[in-house]
Every structure is written in structure tokens, then in C-alpha cells.
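Worksheet: one structure, shown below.
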Amino acid sequence: MDFKNVEKKWQKIWEQEHRYHAKDFDSKPKYYILVEFPYPSGAGLHVGHTPNQIAMDILARKKRAEGYNVLYPIGWDAFGLPTENYAIKTGIHPKEVTRKNVEHFKEQIKSLGISFDWDREINTTDEEYYKWTQWIFLQFFKKGLAYKAEANINWCPKCKIGLSNEESEGGICERCGTPTLQKPKSQWMLKMSEYAEKLLQGLDETNYWENIKAMQRKWIGKSEGTTMHCKLESGESFDIFTTCIETVFGITYFVLAPENPLVDKLKDKIENWDEVLAYKEKSAKKSEFERTELVKEKSGCELKGIKAINPINGKKVPVYIGDYVLANYGSGAVMAVPAHDQRDYDFAKLMNLPMIEVIEGGNIKECAFEKADYLGKGCKLINSAGFSGMTVEEAKAALNKYLEENGLGKKECTYRMRDWVFRRQRYWGEPVPLVYCEHCGWVPVPENELPVKLPNVDKYVPTDDGESPLSRITEWVNTTCPKCGQPAKRETDVMPNWAGSSWYWLRYMDPHNDKAFADFEKMKYWGKVDIYNGGGEHVTRHLLYARFWHKFLYDNGLVPYSEPFDRRIQQGIILASDGSKMSKSAGNTVDPMEYVEKYGADVSRLGQMFMGDYTEMKPWSDATMKPCERLLNRIVALKDKVTKGEIRDENKFICASSIKKVNEDVENLKFNTAISQIMIFTSALEKQEKINSEEYKVLLKILNPFAPHITEELWEECKFSPKIEETAWPSYNEKDLIQNEVEIAVQQNSKIIGRMNISPTADQSEIEEKAKKEFAQKFENKEIIKVVLIPSRLINFIVK
RNA sequence: GCGGGUGUGGCGGAAUGGCAGACGCACAGGACUUAAAAUCCUGAGAAGGCAACUUCGUGUGGGUUCAAGUCCCACCACCCGCACCA
């Protein structure tokens, strides 16, 4: 059989029939399968895409055969840097680049026979799509969840542009290699922190893999502790957050983050302002790289002339700034208890500061006695006034109570997750639909004027001061205020490339709607995404952003469910064939499309699924292609032996067990072992002189999700009716799984002494008797103490 | 350092606490062929033995159990993610 021609034939038919179009409001139960939509790069489909699309295609095709109305859509997450950089280099409009790349991707995906519903194809860079991305952003703005704030950006002093985190990995400018700086810039933020608790709680409603939940929880980083209100001697107040309020009597100084605004306010009172300013500047210059990777040594600077008061005992202690205190976590200030926190300990040693031991049991001459060491061990407080003698746990409660009653603080939670810096000083992204008016401030573009279209520009490079190329188009920037009609300016930043992917699964449910981002009734019908397949690298950011947008929409009555995805699963990373990481620079990448050309789509699909456990990281191996090709050829050859007839008794077991195995394996994403079973099934049929049509149908049907083209062709050639797609998924009778005879192992003291065949329904005494008879010599002079029988598997005699 | 994961023949990988190595790859022998390719059949974890068989074997060391790749404790190696989070 000429696989490639057969595949083309069926791909054409499927396309003409719109066979995989999912109908809204169908009476069949719905099943929504989502794969992360690809970024259409110039390089085409790669091994990061194909196994996922194939795996979910197998699931989709099986679910359809089982009677589900399956929604399996695809689209393009097309805003992004590579396209923009390509445009900078070549001058070709990103829109044109995207169009070409998408075309290429589509052709490749279609050549694999993936059963996407092409009538629902979306593209984040289409005006009718990003209109709604902008619309949702405006809802955030209107609810006060989008705000402008100063935040640090990665700044390359040589290129004079702001870089994304990806472009400045390791604190080095990707373009020129210069270390990047942290530069404050006013930019749009989304108040994701407000949803921290909801995002955390919501995880319990989902069926994500536990490790994915764990990663999300860790990223959200909830930490329970105490916020304590502190005062300086000079009257100014500030808050600190601590998870170890039990150590409050051990405070010997406070540390503020160098960026803490309080520092500037104290300018006139600080005796060594020059020194403080120098330190502030030094730490601002430190790149992210230095601050996190290299320099773990503490540094800091005392605010001379400033003293803070420990609210618990009125003790006056010095105040420092130090860059080991992060400005954007907690309140940007800490109480320092060197005896019980290693970081404070190191800092105190460096600055020659005193320590007060307040929890018994450590050896603070060596190192700090930290909470990890003392919690839950019944350690008691010392040097802590009335709280001395309490256990740590008692003291925590008592101190929180005391602080609260005296208005000095309260129990609180802090989250590691920060607000979302929602900007990019670039061209190829969704324009932020806001206008700045001197009289009215930031004013949203009226909804009926959306989308704010991305205008054409001459140059795609950012301006010298790092502004978006849009800022150069004065006729676009200058507009009138929608509120007062006076001259105003458009926001020239665009949205980050995570924006379009933060709601796309909703658009698939109603992709052509021009009245709303999606119709509410349709969203109710399609419900949650039943299974969302994606890469591990998106488990934190994308998945949190997506859940955040969804929850926000839910809170505003715009979507019917509070969580977007029911299950989230992950494919394993495909490594190069030598087990190393695939990368363009190492030159060890694999183009999966090569195998489609060489072997055809069905073989390539099988080969990729047979490589190993779908969810485990594994090296690419083309060693699976040949045997899968062989398998299909063997199945084609079986056709000549087919005559009309029912499943014969002697084949009932292999049919039933194969259906069962494939059912379970596909549901559990064990595609490799499902293929093994199909191989076993094939071998069993091969051994027979002739094959009955109903037996062959079972084989074709369970293979169909894996190799949809060849199986449909064979089905047609055999003149089976109705069509393979219209034939229900095969069922089996439980009793067919019971064989007449099974081989069981006979053990003595847990060691195998032999094997024997026996009816699976035989009772224990029958089996015992048979074993004793067959292995009589092994039982001579032995006393049986105990017998363990595992039906159909083994019998174990414990003897003396 | 923290979080997550992985460790099984020459290789990819299978094994609801129940016969470790299914299914394949590569390998060897054989059949078909003038020959090769393709295809088919057979063999094989390792060590010892002519053999029936014996012993050892799932990263290491302990433990629970009639029975452990699987469960528990302690460690080692590698991979991924985060990293001064108070």
C-alpha cells in the first residue's frame, strides 16, 4: 500500500467533509481537549509540538468513536519577539511573516492527519481576536485591577532598550552581551496579587496532576505570619512581616530594602546620607544576575541617626538598608533576629551587631538556630519577658494575641506571587486601549471603537530611550480624549505576549462572535476544558495567568465556571538521541516532519507514540519508525485473509483483552503500551489461516485513532459498512476476558519450583492438590504451614 | 538551599505488593534468494554447567512482608524548575 497517497486522499476527504467540526449544543456529551496553541515560528513544527498533537488526536478520535461531541481546536499564539526581530532584520511586516509561518504550520499539521476543527481556528494577532483581548483588559482597568506603577525593567545600557526576562537571561543582554541593569519605569500592572488566595483555593477544584498543583502552590507562595507595626524614634512608622513572631524579643536591628520609599523620606534625618545614597545607587546598578546568582554575601549600610523601637519591649535598635531585603516582598522591611535567622546572622557578623538568643536549644556561636530546627520540638522561649518559658507554638499564639489587642500588629498572609508587569515597549503586540488626557488622566477607548488597531510603522526597532516604536507615529499617538474631547495621547506600550493566551480556550467555543468574546450559552455547553495538555515550562506562568483571567471573568459574571481547566497534563520533554537537550546551537535538533516524508503520517504517528511513556522525558529515537511501519504492513497483509464472519470463540479473549488494554492505556496516556497490545493482537491473527471480518474490524477500529488514514482505507477496501467513523467503538464482554486455562507459578517458600496450567475458576483445594501431585518430590518430608493463593497468578506453599 | 522528577539487559522501555525484563531495537543462527534488500522462523539478563539445573540480578544501605522494581527509613547520582521570600 502506498501510505503517502492514501493519506493525502483521506486528508482531502476529511477537509472537504469538515468531518472534525464540533457542533455547538449537540445532544451528545461534550469533551473538550486542548493543546497549547503554537507560536508559529519560521522553523516550522518541531518535536515540542508533534507528540502532543498526536497524543491528543488519539484521545480525540477515540472519544468521538465512543460517542462524545469532541472539541479539539487549534490556533496561533502569534504575537512575539522572534517575528518582530525577523521584521527588524528584513523589514518584512510581522503580519506577513506570521501569515506565511501559519500557512506552513497548517500544512504540516494537516499532513500529520490531526483531527483539529479547522472551522474554529484562531490567531491572537487577528484584529477580531485582539479586539477582545483589549476588551478584557479594559474590564480589568475598569475594576481597578490594571494600574500604572513604577517597576524595574531589564535595561541594556548599550542597546538602550528594555528587555524581556527571556532576552536578558542570566542578566546578560541577548543582543550584545552587556550586563543588564534594573531601571525603574512607569508601566501597566495587573493586580494578580489580589487573586492569590483564589488561585490557591481554586486548585482544589481541579484535577491537575499533583505535581502541577504543587508547582502552582509554590509559585503563589502563601506564607502565614504576622505583620507588626513599628515606629522610628523620630515618629515615622513602618510595617514588617515575619513568620517567626516568637523571636520578636531577639530583634537587635531592622533592615529596609534600599528601594524602600521610607529611606528617602528620612533623608534630612540621616547623618550619613552620602554613604546611604551611594549604597542605594550601588545596589540599583547591580544586575539581577549579581543580586541573585553571584553575590550571596551580605552588604548594607547603617542609617546613622535613625533608631527604631521594638514595639514589644520599647527597645531602641539601629536601622540598616541592605539589598538582601527585597523591596517587593512583604513590606520591604524586616525585623532582624540574628540569633534565629541565618541571613540576619551573617549580616550581624559582618556589621558586628549583637545577638539575643530567645529560643533555647541551639548553639548560636556556630550558626543561627532557625525555625526549621526548632519548630515542633517543644523548644521554649528565653529572654522574652512574660513569654519566657512558653513553647514556640504557645508563644506564637500568645504574641499574636498580644499584638492584636494592643494594636501593634496582626496575623496576616503574604504571597510570593507578584503583580503582573503587563507591558512591552515593542511593536508586535496588542496595543493597550487607553488614552492619556491631561485633564481626565487615563481614559479607556470606548468599547465600540475597539479594536485599537496596530498601525503600520517604518521601523520596528524600539526608540533610543526604550519606548515602543509606536511612539514614533505621532499621528497615531495624538488623539482626542474620549471623555472631554481635548487633545490626548495614546498609550504606546503593547501588551506582553502572555495576553492573547490568557483566554484563548474561551474563544474556541465561539470563534466568530463579534458581539462578545464568546457566547455565554456556548460557554455553558462546552464547559471546562476536560483535558489541557501542555509543556512543563508553562505550568507556572501561563497557567496562572490563564486561571487569573478566567477567575476575573467569572467574578464579573462573564464566564460560567470558576476554573477553566479540569485536568492539566504534561508531555515529557523530547531529548536529542544521545540524551542531551535538543538545541539549535548544539545542532542536535530533530525535524519530526522528516519522518512524515520518509514513512508517512501514520507510521510517524505510531513511531512517536511508541518511543516511550508519553509523560516521561525521553530521547528521540527513530528506531521505533521501522517496527511501526512493519506493523502497518503486516496489518495490510492480513486483509487478504479476511472472510465474512463473527468473532470466533478462540479469538474472543485476544479481542476483548486488546480492547480493554487500549481503552485503559489511551485514558491513562500510555500510548506506547497500547501499541504493544496492538502488535500482540496482530501477531495472534497472523498465526491463523484465515481471519473473520468482525475480528479484523476490531483490530482496525482500535488502531484507527493511532493510524487513522490506513485503517480507514483498509475499512473501505474491505467494503465494511457503515464507515469506520460511524462505527461505534468496540465493546467486549467481561466473561471473554476469562481464559479456559491459565499458567500459574508454583512456589515453595516464595521460590519458584515450577509452573502448571489450571482453570482460572478452580478453587484453592483443587489447585493445591494438583500442585502437590505435579511436584510431589518437592513435598517429600515437608510440612505445609501456610498456603498463599493469588488467583491466576501463583500459589505459594510455606513449608518446613 | 528549596520544590518536582528520574534511576530496570547492549539500547528504548513493560510490570493493580504476586512468575522482573511485556512490546520493540540492535545482535546471532536459520529459511527464502544466484546474491543482496525486504520478509519470515528461532535464540538470548549475567555468571557457572554438556545438560536437567544452580547462583546472582531493578542506583546504594537498612526495614516491613509468605512475597518488594513496587511500601517504609536513610543515602547516592542525574535531570527540570525556583532561588536571600523574612
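Naming scheme: A, B, ... for chains in displayed order of the C-alpha cells; residues 1 onward per chain; ligands 1 onward as shown.
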
With only C-alpha atoms (C1' of nucleotides) as the counted atoms, please give the residues lying no more than 8 Å from stretch 768-783 of chain A, apart from itself and same-chain residues fewer than 5 positions off, as an NGL selection string.
:A and (746 or 753-754 or 756 or 795 or 799-800)

Find the residues near B:G61: any atom within 12 Å, counting only C-alpha atoms (C1' of nucleotides), skip ones fewer than 3 places away on the same chain, and give them as a PyMOL selection string.
chain B and resi 73-76

Could you write out the selected residues, including N, CA and C atoms (P, O5', C5', C4', C3', O3' and C1' of nucleotides), as a PDB file, in the first residue's frame?
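Written out: again.pdb:
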```pdb
ATOM      1  P     C B  73       9.276   7.238  54.685  1.00  0.00           P
ATOM      2  O5'   C B  73      10.618   6.834  55.449  1.00  0.00           O
ATOM      3  C5'   C B  73      10.682   6.849  56.871  1.00  0.00           C
ATOM      4  C4'   C B  73      12.045   6.383  57.326  1.00  0.00           C
ATOM      5  C3'   C B  73      13.220   7.093  56.669  1.00  0.00           C
ATOM      6  O3'   C B  73      13.478   8.361  57.239  1.00  0.00           O
ATOM      7  C1'   C B  73      13.620   4.777  56.672  1.00  0.00           C
ATOM      8  P     A B  74      14.088   9.512  56.303  1.00  0.00           P
ATOM      9  O5'   A B  74      15.591   9.016  56.122  1.00  0.00           O
ATOM     10  C5'   A B  74      16.491   9.020  57.235  1.00  0.00           C
ATOM     11  C4'   A B  74      17.792   8.363  56.850  1.00  0.00           C
ATOM     12  C3'   A B  74      18.500   8.999  55.653  1.00  0.00           C
ATOM     13  O3'   A B  74      19.206  10.174  55.991  1.00  0.00           O
ATOM     14  C1'   A B  74      18.497   6.660  55.413  1.00  0.00           C
ATOM     15  P     C B  75      19.395  11.289  54.854  1.00  0.00           P
ATOM     16  O5'   C B  75      20.189  10.516  53.721  1.00  0.00           O
ATOM     17  C5'   C B  75      21.555  10.800  53.528  1.00  0.00           C
ATOM     18  C4'   C B  75      22.224   9.692  52.777  1.00  0.00           C
ATOM     19  C3'   C B  75      22.577  10.034  51.336  1.00  0.00           C
ATOM     20  O3'   C B  75      23.710  10.871  51.251  1.00  0.00           O
ATOM     21  C1'   C B  75      21.699   7.852  51.423  1.00  0.00           C
ATOM     22  P     C B  76      23.699  12.014  50.152  1.00  0.00           P
ATOM     23  O5'   C B  76      24.130  11.211  48.845  1.00  0.00           O
ATOM     24  C5'   C B  76      25.329  10.445  48.834  1.00  0.00           C
ATOM     25  C4'   C B  76      25.417   9.675  47.551  1.00  0.00           C
ATOM     26  C3'   C B  76      25.135  10.474  46.287  1.00  0.00           C
ATOM     27  O3'   C B  76      26.247  11.237  45.882  1.00  0.00           O
ATOM     28  C1'   C B  76      23.953   8.441  46.192  1.00  0.00           C
TER      29        C B  76
END
```

What's the 8 Å shell around A:Gly300, counting only C-alpha atoms (C1' of nucleotides), without same-chain residues fewer than 4 positions away, as a ChimeraX atom specification?
/A:279,320-323

Residues of chain A no more than 8 Å from chain B, counting only C-alpha atoms (C1' of nucleotides): send them over as JSON, numbers by chain.
{"A": [211, 214, 215, 218, 241, 242, 243, 292, 296, 324, 325, 329, 334, 335, 343, 416, 611, 612, 621, 623, 624, 627, 673, 676, 677, 679, 680, 744, 745, 749, 750, 752, 786, 788, 790, 793, 794, 796, 798]}

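Between A:Gln53 and the residues A:Phe517, A:Trp715, A:Trp273, A:Tyr614, the shortest atom-to-atom distance, using only C-alpha atoms, involves A:Tyr614.
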
Could you pull out the strand (DSSP E) residues of stretch 5-127 of chain A, going by DSSP on the backbone, and write them as an NGL selection string?
:A and (30-35 or 69-71 or 75-76 or 122-123)

Generate the output file for the selected residues, N, CA, C and O atoms, as a compact mmCIF listing (two decimals), in the first residue's frame.
```txt
# COMPACT_ATOMS: atom_id res chain seq x y z
N LYS A 30 -20.34 16.39 25.72
CA LYS A 30 -19.19 17.11 25.15
C LYS A 30 -17.89 16.65 25.76
O LYS A 30 -17.85 16.16 26.90
N TYR A 31 -16.82 16.81 25.02
CA TYR A 31 -15.49 16.54 25.58
C TYR A 31 -14.54 17.54 24.93
O TYR A 31 -14.41 17.58 23.72
N TYR A 32 -13.91 18.35 25.76
CA TYR A 32 -13.09 19.45 25.25
C TYR A 32 -11.61 19.12 25.51
O TYR A 32 -11.19 19.02 26.66
N ILE A 33 -10.88 18.94 24.42
CA ILE A 33 -9.45 18.63 24.52
C ILE A 33 -8.66 19.84 24.03
O ILE A 33 -8.92 20.34 22.93
N LEU A 34 -7.73 20.29 24.83
CA LEU A 34 -6.97 21.48 24.45
C LEU A 34 -5.48 21.18 24.46
O LEU A 34 -4.95 20.60 25.41
N VAL A 35 -4.82 21.56 23.36
CA VAL A 35 -3.35 21.57 23.37
C VAL A 35 -2.93 23.04 23.31
O VAL A 35 -3.62 23.86 22.72
N ASN A 69 -19.15 14.40 21.71
CA ASN A 69 -19.02 15.55 20.84
C ASN A 69 -17.71 16.24 21.23
O ASN A 69 -17.65 16.96 22.22
N VAL A 70 -16.68 15.96 20.46
CA VAL A 70 -15.33 16.37 20.87
C VAL A 70 -14.96 17.71 20.25
O VAL A 70 -15.10 17.91 19.04
N LEU A 71 -14.52 18.61 21.10
CA LEU A 71 -13.96 19.88 20.63
C LEU A 71 -12.44 19.79 20.74
O LEU A 71 -11.90 19.67 21.84
N GLY A 75 -5.04 26.95 17.12
CA GLY A 75 -4.90 28.35 16.73
C GLY A 75 -3.45 28.76 16.83
O GLY A 75 -2.56 27.90 16.96
N TRP A 76 -3.23 30.05 16.79
CA TRP A 76 -1.86 30.56 16.71
C TRP A 76 -1.64 31.66 17.72
O TRP A 76 -2.35 32.66 17.73
N ILE A 122 -8.09 30.06 15.38
CA ILE A 122 -7.97 31.45 15.82
C ILE A 122 -6.52 31.90 15.73
O ILE A 122 -5.61 31.08 15.65
N ASN A 123 -6.33 33.21 15.76
CA ASN A 123 -4.99 33.79 15.69
C ASN A 123 -5.00 35.04 16.56
O ASN A 123 -5.78 35.96 16.34
```

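Taking atom C1' of B:U64 and atom C1' of B:G17 as endpoints, the distance between them is 11.6 Å.
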
Leaving out A:Pro82 and any residue of its chain fewer than 3 positions from it, which residues lie within 10 Å of it when counting only C-alpha atoms (C1' of nucleotides), given as a tab-separated table (two decimals) with N, CA and C atoms, in the first residue's frame?
```tsv
chain	number	residue	atom	x	y	z
A	39	TYR	N	3.33	28.85	18.82
A	39	TYR	CA	3.82	30.10	18.29
A	39	TYR	C	4.36	29.78	16.90
A	40	PRO	N	3.81	30.38	15.87
A	40	PRO	CA	4.21	30.00	14.51
A	40	PRO	C	5.56	30.60	14.12
A	41	SER	N	6.60	29.95	14.51
A	41	SER	CA	7.93	30.46	14.20
A	41	SER	C	8.30	30.07	12.78
A	42	GLY	N	9.37	30.64	12.30
A	42	GLY	CA	9.80	30.36	10.93
A	42	GLY	C	10.29	28.93	10.76
A	78	ALA	N	0.44	34.23	18.06
A	78	ALA	CA	1.38	34.72	17.05
A	78	ALA	C	2.10	36.02	17.37
A	79	PHE	N	1.67	36.72	18.43
A	79	PHE	CA	2.46	37.89	18.83
A	79	PHE	C	3.72	37.40	19.51
A	85	ASN	N	11.73	40.45	15.66
A	85	ASN	CA	13.16	40.55	15.35
A	85	ASN	C	13.42	40.25	13.88
A	86	TYR	N	12.68	39.31	13.36
A	86	TYR	CA	12.81	38.97	11.94
A	86	TYR	C	12.38	40.18	11.10
A	87	ALA	N	11.34	40.85	11.56
A	87	ALA	CA	10.87	42.05	10.85
A	87	ALA	C	11.92	43.16	10.91
A	88	ILE	N	12.55	43.30	12.07
A	88	ILE	CA	13.60	44.32	12.22
A	88	ILE	C	14.72	44.03	11.22
A	94	PRO	N	5.53	42.07	10.24
A	94	PRO	CA	5.29	40.86	11.05
A	94	PRO	C	4.00	40.14	10.66
A	428	TRP	N	5.18	44.41	18.11
A	428	TRP	CA	4.32	43.29	17.72
A	428	TRP	C	3.55	42.72	18.91
```

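As for atom CA of A:Lys396 and atom CA of A:Thr247, they are spaced 8.9 Å apart.
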
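Omitting stretch 46-59 of chain B and its sequence neighbours fewer than 5 positions away, and counting only C-alpha atoms (C1' of nucleotides), the residues within 6 Å are G7, U8 and G69 of chain B.
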
Selection from above, N, CA, C and O atoms (P, O5', C5', C4', C3', O3' and C1' of nucleotides), as a PDB file, in the first residue's frame, can you write it?
```pdb
ATOM      1  P     G B   7      12.559   5.539  36.798  1.00  0.00           P
ATOM      2  O5'   G B   7      14.128   5.340  36.916  1.00  0.00           O
ATOM      3  C5'   G B   7      14.926   5.285  35.727  1.00  0.00           C
ATOM      4  C4'   G B   7      16.389   5.223  36.117  1.00  0.00           C
ATOM      5  C3'   G B   7      16.838   3.894  36.694  1.00  0.00           C
ATOM      6  O3'   G B   7      18.090   3.499  36.117  1.00  0.00           O
ATOM      7  C1'   G B   7      17.383   5.653  38.188  1.00  0.00           C
ATOM      8  P     U B   8      17.989   2.675  34.768  1.00  0.00           P
ATOM      9  O5'   U B   8      17.312   1.326  35.235  1.00  0.00           O
ATOM     10  C5'   U B   8      18.009   0.455  36.110  1.00  0.00           C
ATOM     11  C4'   U B   8      17.378  -0.897  36.071  1.00  0.00           C
ATOM     12  C3'   U B   8      17.545  -1.646  34.761  1.00  0.00           C
ATOM     13  O3'   U B   8      18.796  -2.325  34.741  1.00  0.00           O
ATOM     14  C1'   U B   8      15.295  -1.799  35.462  1.00  0.00           C
ATOM     15  P     G B  69      11.983  -6.866  43.863  1.00  0.00           P
ATOM     16  O5'   G B  69      12.165  -5.590  42.936  1.00  0.00           O
ATOM     17  C5'   G B  69      13.159  -4.625  43.288  1.00  0.00           C
ATOM     18  C4'   G B  69      12.843  -3.308  42.630  1.00  0.00           C
ATOM     19  C3'   G B  69      11.675  -2.564  43.261  1.00  0.00           C
ATOM     20  O3'   G B  69      12.125  -1.748  44.318  1.00  0.00           O
ATOM     21  C1'   G B  69      11.386  -2.662  40.910  1.00  0.00           C
TER      22        G B  69
END
```

Extract, using only C-alpha atoms (C1' of nucleotides), all DNA, RNA and protein residues at most 12 Å from stretch 689-697 of chain A, discarding same-chain residues fewer than 5 positions from it, and format them as a ChimeraX atom specification.
/A:635-656,658-659,678,681-682,684,702-704,711-712,714-716,718-724,727-732

In stretch 382-598 of chain A, what's alpha helix (DSSP H) per DSSP? Answer as a PyMOL selection string?
chain A and resi 392-405+474-477+504-508+520-526+541-555+592-598

Selected residues written out, C-alpha atoms, as an mmCIF file, in the first residue's frame:
```cif
data_model
loop_
_atom_site.group_PDB
_atom_site.id
_atom_site.type_symbol
_atom_site.label_atom_id
_atom_site.label_comp_id
_atom_site.auth_asym_id
_atom_site.auth_seq_id
_atom_site.Cartn_x
_atom_site.Cartn_y
_atom_site.Cartn_z
ATOM 1 C CA VAL A 392 7.446 28.251 70.496
ATOM 2 C CA GLU A 393 3.946 27.266 69.431
ATOM 3 C CA GLU A 394 2.330 28.721 72.554
ATOM 4 C CA ALA A 395 4.343 31.893 72.187
ATOM 5 C CA LYS A 396 3.307 32.375 68.568
ATOM 6 C CA ALA A 397 -0.341 32.390 69.544
ATOM 7 C CA ALA A 398 0.158 34.465 72.634
ATOM 8 C CA LEU A 399 2.265 37.086 70.891
ATOM 9 C CA ASN A 400 -0.169 37.419 68.014
ATOM 10 C CA LYS A 401 -2.939 37.900 70.507
ATOM 11 C CA TYR A 402 -0.936 40.430 72.477
ATOM 12 C CA LEU A 403 -0.011 42.439 69.373
ATOM 13 C CA GLU A 404 -3.548 42.470 68.116
ATOM 14 C CA GLU A 405 -5.013 43.537 71.441
ATOM 15 C CA THR A 474 2.741 60.925 16.116
ATOM 16 C CA GLU A 475 -0.448 60.873 14.037
ATOM 17 C CA TRP A 476 -1.425 57.668 15.798
ATOM 18 C CA VAL A 477 -0.273 58.721 19.251
ATOM 19 C CA TYR A 504 -7.953 31.645 24.024
ATOM 20 C CA TRP A 505 -9.740 28.454 25.094
ATOM 21 C CA LEU A 506 -12.863 30.554 25.552
ATOM 22 C CA ARG A 507 -12.673 31.929 22.034
ATOM 23 C CA TYR A 508 -12.565 28.441 20.563
ATOM 24 C CA PHE A 520 -22.428 32.610 27.405
ATOM 25 C CA GLU A 521 -24.699 29.720 26.425
ATOM 26 C CA LYS A 522 -22.000 28.212 24.254
ATOM 27 C CA MET A 523 -19.529 28.515 27.102
ATOM 28 C CA LYS A 524 -22.038 26.752 29.309
ATOM 29 C CA TYR A 525 -22.395 23.949 26.775
ATOM 30 C CA TRP A 526 -18.681 23.395 26.285
ATOM 31 C CA ARG A 541 3.303 31.487 34.379
ATOM 32 C CA HIS A 542 0.894 30.744 31.561
ATOM 33 C CA LEU A 543 -1.290 28.517 33.666
ATOM 34 C CA LEU A 544 -1.529 31.082 36.442
ATOM 35 C CA TYR A 545 -2.171 33.959 34.057
ATOM 36 C CA ALA A 546 -4.872 31.954 32.322
ATOM 37 C CA ARG A 547 -6.542 30.985 35.574
ATOM 38 C CA PHE A 548 -6.285 34.580 36.796
ATOM 39 C CA TRP A 549 -8.061 35.999 33.741
ATOM 40 C CA HIS A 550 -10.648 33.289 33.897
ATOM 41 C CA LYS A 551 -11.382 33.859 37.568
ATOM 42 C CA PHE A 552 -11.629 37.569 36.987
ATOM 43 C CA LEU A 553 -14.142 36.997 34.177
ATOM 44 C CA TYR A 554 -16.043 34.606 36.427
ATOM 45 C CA ASP A 555 -16.224 37.145 39.242
ATOM 46 C CA PRO A 592 9.616 15.389 13.010
ATOM 47 C CA MET A 593 8.331 16.249 9.558
ATOM 48 C CA GLU A 594 11.248 14.397 8.030
ATOM 49 C CA TYR A 595 9.668 11.206 9.254
ATOM 50 C CA VAL A 596 6.312 12.052 7.751
ATOM 51 C CA GLU A 597 8.053 12.412 4.415
ATOM 52 C CA LYS A 598 10.028 9.253 4.854
#
```

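One distance worth recording is that between atom CA of A:Pro73 and atom CA of A:Ile573, which is 22.6 Å.
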
Test item: residues at most 12 Å from stretch 30-38 of chain B, only C-alpha atoms (C1' of nucleotides), excluding those fewer than 5 positions along its chain, as a PDB file with N, CA and C atoms (P, O5', C5', C4', C3', O3' and C1' of nucleotides), in the first residue's frame:
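Generated file (part18.pdb):
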```
ATOM      1  N   ARG A 630       6.501  -1.750   9.853  1.00  0.00           N
ATOM      2  CA  ARG A 630       6.313  -3.188   9.712  1.00  0.00           C
ATOM      3  C   ARG A 630       4.921  -3.593  10.212  1.00  0.00           C
ATOM      4  N   ASN A 633       2.313  -2.664   7.716  1.00  0.00           N
ATOM      5  CA  ASN A 633       2.385  -3.557   6.561  1.00  0.00           C
ATOM      6  C   ASN A 633       1.810  -4.930   6.869  1.00  0.00           C
TER       7      ASN A 633
ATOM      8  P     G B  43      12.646 -19.519  20.573  1.00  0.00           P
ATOM      9  O5'   G B  43      14.167 -19.123  20.844  1.00  0.00           O
ATOM     10  C5'   G B  43      15.135 -20.128  21.108  1.00  0.00           C
ATOM     11  C4'   G B  43      16.507 -19.521  21.237  1.00  0.00           C
ATOM     12  C3'   G B  43      16.613 -18.384  22.246  1.00  0.00           C
ATOM     13  O3'   G B  43      16.736 -18.886  23.563  1.00  0.00           O
ATOM     14  C1'   G B  43      17.727 -17.780  20.260  1.00  0.00           C
TER      15        G B  43
END
```
